[in-house]
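For reference, the structure discussed in these notes is given below.
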Amino acid sequence: MEEIITILITVLSSTMVSDGTTSKNFLPFSGEAKSEYFVGKVIDGGVDTQTYSPTGGDLSARYILEGKDCAGKDCKIFIENNGKFGEEFTFPKIVTDSDTLKFLNTSPLKGKLDMSDGKLTIRIYRCQPLAFPTMETVGAAAMPKDIAPITEMDLQMKSIDRNAFARKTVKLNAKQKDSRGMYTKAINGEIAKLSRQGGGTLVIPSGTWKTGRVTLMSNVCLNLEEGAVLEFSGEQRDFLPVVFTRHEGVEIMGAGAFIYANGQKNIALTGKGVVRGPGMDAEMRQPRKGIGVIETAVDFNMPVSDRVFDGKEGRHFYVPKSFSPINCVGVLVEGVSFERSLLWNVNPVYCEDVVIRGVTVSSVGIPASDGIDISSSKNVLIEYCTLDCGDDCFTLKAGRCEDGKRVNKPTENVLIRHCMARQGHGGITCGSETAGNIQNVLLHSCVFDGTRSAFRFKTRRNRGGGINNIRYENNLLRNISETVTFDLLGTSKYMGTLAQRKPALEITPLTPVVKDIDIRNFTVESSDRFISINGIPEIPCANVSISDATINTNQFIKNMRDADGVHFRNLKVTATSQPLEIDNCKNITYENCDISYPSAE
């Protein structure tokens, strides 16, 4: 890291207020700044606000420096610096009017509070620039043993307690199968015993082990050795009785998942083995009479406990996902491969402190077989995964319609790095379930090769919430059908008249808002189309920034409808066709863009 700004702080006063549990401290300050990049002072109004509670303490400082940059020009620097007491680094954000220092507006930064000489000094560092990804540096095959420090964003995660898994190790025995040749009872019994004893690891040895639903419990790791295949039943009875789960953004009582957990702490699924769904002729894969999109199948006024989908007495049966813990804290998935899923593969719901690394998903040809779906969860790290899917690859969701608004839990603070997406409807998709908001997401240093859409944003007029503060940078895109897709209306097949663009409708609490999207520093080696935007007329998508890229495509803009603020900057575009459609858009800007059509007449 390179030290950019050093500020010697003088605290002017301190005012604290407390309700007996939580305390707030207000500290105005002044200060002098000096470094090779900037010399100046803190202008009046700088303040640090500190929060103390039984769960810890936070600080958030905001101030403006006034002085001269290293070119000798007058300038100002606004700094917002957030952090937690006990953590080594803080996470500053900077906005400056200095042309020389404008790199600070977009640089990854870290801060440190230093009192080594008895005086309070704030040091702000610029992190090293990201290395551009290659096919060899991303995906499961490239996963290192250790997790690199998280320096790219303010992702305050608690570390997974691996020591809890080392207390005791039990290995599944082939003699433990039941009369049907299944290991469901044995696996769940060993997990429950390990959890009661304080934690440990259940090892599944090499071989094929047939089972019904597996339920993970606190402080237990399920480890699949190399050559191990945990093969799940294709019969509904092996995923009953129903459990509390969420299906496509709506809470229900249903099958849950092949591997399920509810309300547990510190759980893990690791190893070089395979989680495999049932054969392609299994009972649960047989077509059933459709009941439409789930918001038409569930009465949102009905208690969740009464929303039973068990396949009995004419009730519908929603098939299980592959791995889906709900309401869990401390979730690790590492090294495992997922094959032949029935539905979504990896789907944490209402979870916190989630690490997913080195995972491989192969689900091409299976409908609705998303790779990794993060649903209303926070503090999530995804790295070195390889996804080849029959639907979206990396997906962020936050609940659907009225039920999602009732729950009102966002997906937030998500870091995705060094991953590979191959076939799939979207390389990374935000939505279409957006009711609780999808926010604070960074994806960087990934390769998408062969996906239908690389960066996909989806919602619908009745989905609520929205998408904001999304940043994708330092990515390589190859063989893409469409690089950037905003699909915010859907089709009449599923949405009826809500999919009709005009006339604009009345804004309601369920009208989603999509804004503040930043896509930067990327290369498109080949694509059919670069961008299409189909927004919502009553609330156009806003503040979309696309910058610093080389783009090779057939069609640069397919269409832009209902957008307010799309900014193209520092682009070199080579395209083969010029047609485009722009309708009901404003504040469309181009800055330093070289767009050529060498083969156009």
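Chain labels run A, B, ... following the order of the structure tokens; each chain numbers its residues from 1, and ligands are numbered from 1 in the order shown.
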*Find the spatial neighbours of Tyr350 of chain A, counting only C-alpha atoms, within a cut-off of 8 Å - ignore same-chain residues fewer than 4 positions away - and output them as JSON, numbers by chain.*
{"A": [326, 327, 328, 375, 376, 377, 378, 409]}
With the cut-off set at 10 Å and counting only C-alpha atoms, tabulate each residue of segment 6-39 of chain A with an atom at most that distance from an atom of segment 114-120 of chain A, showing the nearest atom pair and its distance in Å to one decimal, ordered by chain and increasing number, as a Markdown table.
```
| residue | atom | partner | partner_atom | distance |
| --- | --- | --- | --- | --- |
| A:Ile7 | CA | A:Leu120 | CA | 8.6 |
| A:Leu8 | CA | A:Leu120 | CA | 6.2 |
| A:Ile9 | CA | A:Leu120 | CA | 5.5 |
| A:Thr10 | CA | A:Leu120 | CA | 7.4 |
| A:Val11 | CA | A:Leu120 | CA | 8.8 |
| A:Gly31 | CA | A:Leu120 | CA | 9.8 |
```
*Which is closer to Ile187 of chain A than all the others in A:Leu172, A:Leu488, A:Cys585, A:Cys127, using only C-alpha atoms?*
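Ranking A:Leu172, A:Leu488, A:Cys585, A:Cys127 by distance to Ile187 of chain A, first place goes to A:Leu172.
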Using only C-alpha atoms, what does the table of segment 271-349 of chain A residues within 12 Å of segment 141-154 of chain A look like, with each row giving the shortest atom pair and its distance in Å to one decimal, sorted by chain and ascending number, as a tab-separated table?
```
residue	atom	partner	partner_atom	distance
A:Lys272	CA	A:Ala141	CA	11.4
A:Leu332	CA	A:Ile147	CA	11.9
A:Glu334	CA	A:Met143	CA	9.8
A:Gly335	CA	A:Met143	CA	8.7
A:Val336	CA	A:Ala141	CA	11.8
A:Ser337	CA	A:Ala141	CA	11.8
```
*What's the 9 Å shell around Thr137 of chain A, counting only C-alpha atoms, without same-chain residues fewer than 6 positions away, as number ranges by chain?*
A: 143, 384, 418-419, 445-446
*Any idea what's packed within 10 Å of Tyr260 of chain A, counting only C-alpha atoms, ignoring anything in its chain fewer than 6 positions away? Could you give it as a PyMOL selection string?*
chain A and resi 213-217+243+245+320-326+347-348
*Atomic separation - atom CA of Pro54 of chain A relative to atom CA of Met16 of chain A, Å*: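 Distance between the two atoms: 16.3 Å.
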*For atom CA of Val514 of chain A and atom CA of Asn468 of chain A, quote the distance in Å rounded to one decimal.*
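If I compute the distance from atom CA of Val514 of chain A to atom CA of Asn468 of chain A, I get 6.0 Å.
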*Nearby residues (only C-alpha atoms) at most 8 Å from Arg529 of chain A, same-chain spacing under 2 positions excluded, as number ranges by chain*: A: 481-483, 527, 531-532, 553-558
Selected residues, N, CA and C atoms, written as a CSV table (one decimal), in the first residue's frame, please.
```csv
chain,number,residue,atom,x,y,z
A,481,SER,N,-23.3,-12.8,-25.6
A,481,SER,CA,-24.4,-12.4,-26.5
A,481,SER,C,-24.7,-10.9,-26.2
A,482,GLU,N,-24.9,-10.5,-25.0
A,482,GLU,CA,-25.1,-9.1,-24.7
A,482,GLU,C,-24.4,-8.7,-23.4
A,483,THR,N,-23.5,-7.7,-23.4
A,483,THR,CA,-22.7,-7.5,-22.3
A,483,THR,C,-23.5,-6.9,-21.1
A,527,SER,N,-18.7,-9.8,-28.5
A,527,SER,CA,-20.1,-9.8,-28.1
A,527,SER,C,-21.0,-9.5,-29.3
A,531,ILE,N,-25.1,-3.2,-25.1
A,531,ILE,CA,-26.1,-2.8,-24.1
A,531,ILE,C,-27.5,-2.7,-24.6
A,532,SER,N,-28.4,-3.1,-23.7
A,532,SER,CA,-29.8,-2.8,-23.9
A,532,SER,C,-30.4,-2.4,-22.6
A,553,THR,N,-17.8,-5.5,-30.5
A,553,THR,CA,-19.2,-6.0,-30.5
A,553,THR,C,-19.8,-5.8,-31.9
A,554,ASN,N,-20.8,-6.5,-32.2
A,554,ASN,CA,-21.5,-6.2,-33.5
A,554,ASN,C,-22.4,-5.0,-33.4
A,555,GLN,N,-23.2,-4.9,-32.3
A,555,GLN,CA,-24.0,-3.7,-32.1
A,555,GLN,C,-23.7,-3.1,-30.8
A,556,PHE,N,-23.4,-1.8,-30.8
A,556,PHE,CA,-23.0,-1.1,-29.5
A,556,PHE,C,-24.2,-0.9,-28.6
A,557,ILE,N,-25.2,-0.2,-29.1
A,557,ILE,CA,-26.5,0.0,-28.4
A,557,ILE,C,-27.6,-0.6,-29.1
A,558,LYS,N,-28.2,-1.6,-28.5
A,558,LYS,CA,-29.4,-2.2,-29.1
A,558,LYS,C,-30.6,-1.3,-28.9
```
*Take atom CA of Asp48 of chain A and atom CA of Phe103 of chain A and report the distance between them in Å, one decimal.*
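Separation of atom CA of Asp48 of chain A and atom CA of Phe103 of chain A: 25.0 Å.
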*Using DSSP on the backbone coordinates, identify all residues within segment 90-278 of chain A classified as helix (DSSP H, G or I); present the result as a PyMOL selection string.*
chain A and resi 102-105+140-142+162-166+174-176+184-196+236-239
Residues of the last selection are to be written out with C-alpha atoms, as a PDB file, in the first residue's frame.
```pdb
ATOM      1  CA  LYS A 102      -8.755  12.592  -9.343  1.00  0.00           C
ATOM      2  CA  PHE A 103      -7.447   9.016  -9.269  1.00  0.00           C
ATOM      3  CA  LEU A 104      -8.391   9.054  -5.563  1.00  0.00           C
ATOM      4  CA  ASN A 105     -12.093   9.270  -6.494  1.00  0.00           C
ATOM      5  CA  ALA A 140     -11.904 -23.304  -8.921  1.00  0.00           C
ATOM      6  CA  ALA A 141      -8.662 -24.655 -10.396  1.00  0.00           C
ATOM      7  CA  ALA A 142      -6.850 -21.455  -9.389  1.00  0.00           C
ATOM      8  CA  ARG A 162     -12.289 -23.663  11.541  1.00  0.00           C
ATOM      9  CA  ASN A 163     -11.097 -24.802  14.964  1.00  0.00           C
ATOM     10  CA  ALA A 164     -14.639 -25.818  15.851  1.00  0.00           C
ATOM     11  CA  PHE A 165     -14.536 -28.378  13.052  1.00  0.00           C
ATOM     12  CA  ALA A 166     -11.265 -29.881  14.245  1.00  0.00           C
ATOM     13  CA  ALA A 174     -20.839 -48.288   4.502  1.00  0.00           C
ATOM     14  CA  LYS A 175     -22.554 -50.524   7.063  1.00  0.00           C
ATOM     15  CA  GLN A 176     -24.709 -47.622   8.230  1.00  0.00           C
ATOM     16  CA  THR A 184     -30.054 -40.335   5.477  1.00  0.00           C
ATOM     17  CA  LYS A 185     -30.574 -41.457   9.051  1.00  0.00           C
ATOM     18  CA  ALA A 186     -26.891 -42.217   9.622  1.00  0.00           C
ATOM     19  CA  ILE A 187     -25.648 -38.897   8.224  1.00  0.00           C
ATOM     20  CA  ASN A 188     -28.141 -36.790  10.159  1.00  0.00           C
ATOM     21  CA  GLY A 189     -27.555 -38.794  13.326  1.00  0.00           C
ATOM     22  CA  GLU A 190     -23.790 -38.258  13.193  1.00  0.00           C
ATOM     23  CA  ILE A 191     -24.236 -34.528  12.489  1.00  0.00           C
ATOM     24  CA  ALA A 192     -26.590 -34.113  15.451  1.00  0.00           C
ATOM     25  CA  LYS A 193     -24.201 -36.006  17.745  1.00  0.00           C
ATOM     26  CA  LEU A 194     -21.195 -33.915  16.685  1.00  0.00           C
ATOM     27  CA  SER A 195     -23.135 -30.698  17.259  1.00  0.00           C
ATOM     28  CA  ARG A 196     -24.222 -31.809  20.734  1.00  0.00           C
ATOM     29  CA  GLN A 236     -40.551 -36.499  -2.650  1.00  0.00           C
ATOM     30  CA  ARG A 237     -40.904 -38.556   0.529  1.00  0.00           C
ATOM     31  CA  ASP A 238     -37.180 -38.188   1.225  1.00  0.00           C
ATOM     32  CA  PHE A 239     -37.590 -34.410   1.629  1.00  0.00           C
TER      33      PHE A 239
END
```
*How would you write, as a ChimeraX atom specification, the set of residues in segment 427-505 of chain A that DSSP gives as strand (DSSP E)?*
/A:427-430,438-444,447-449,453-458,466-478,480-487
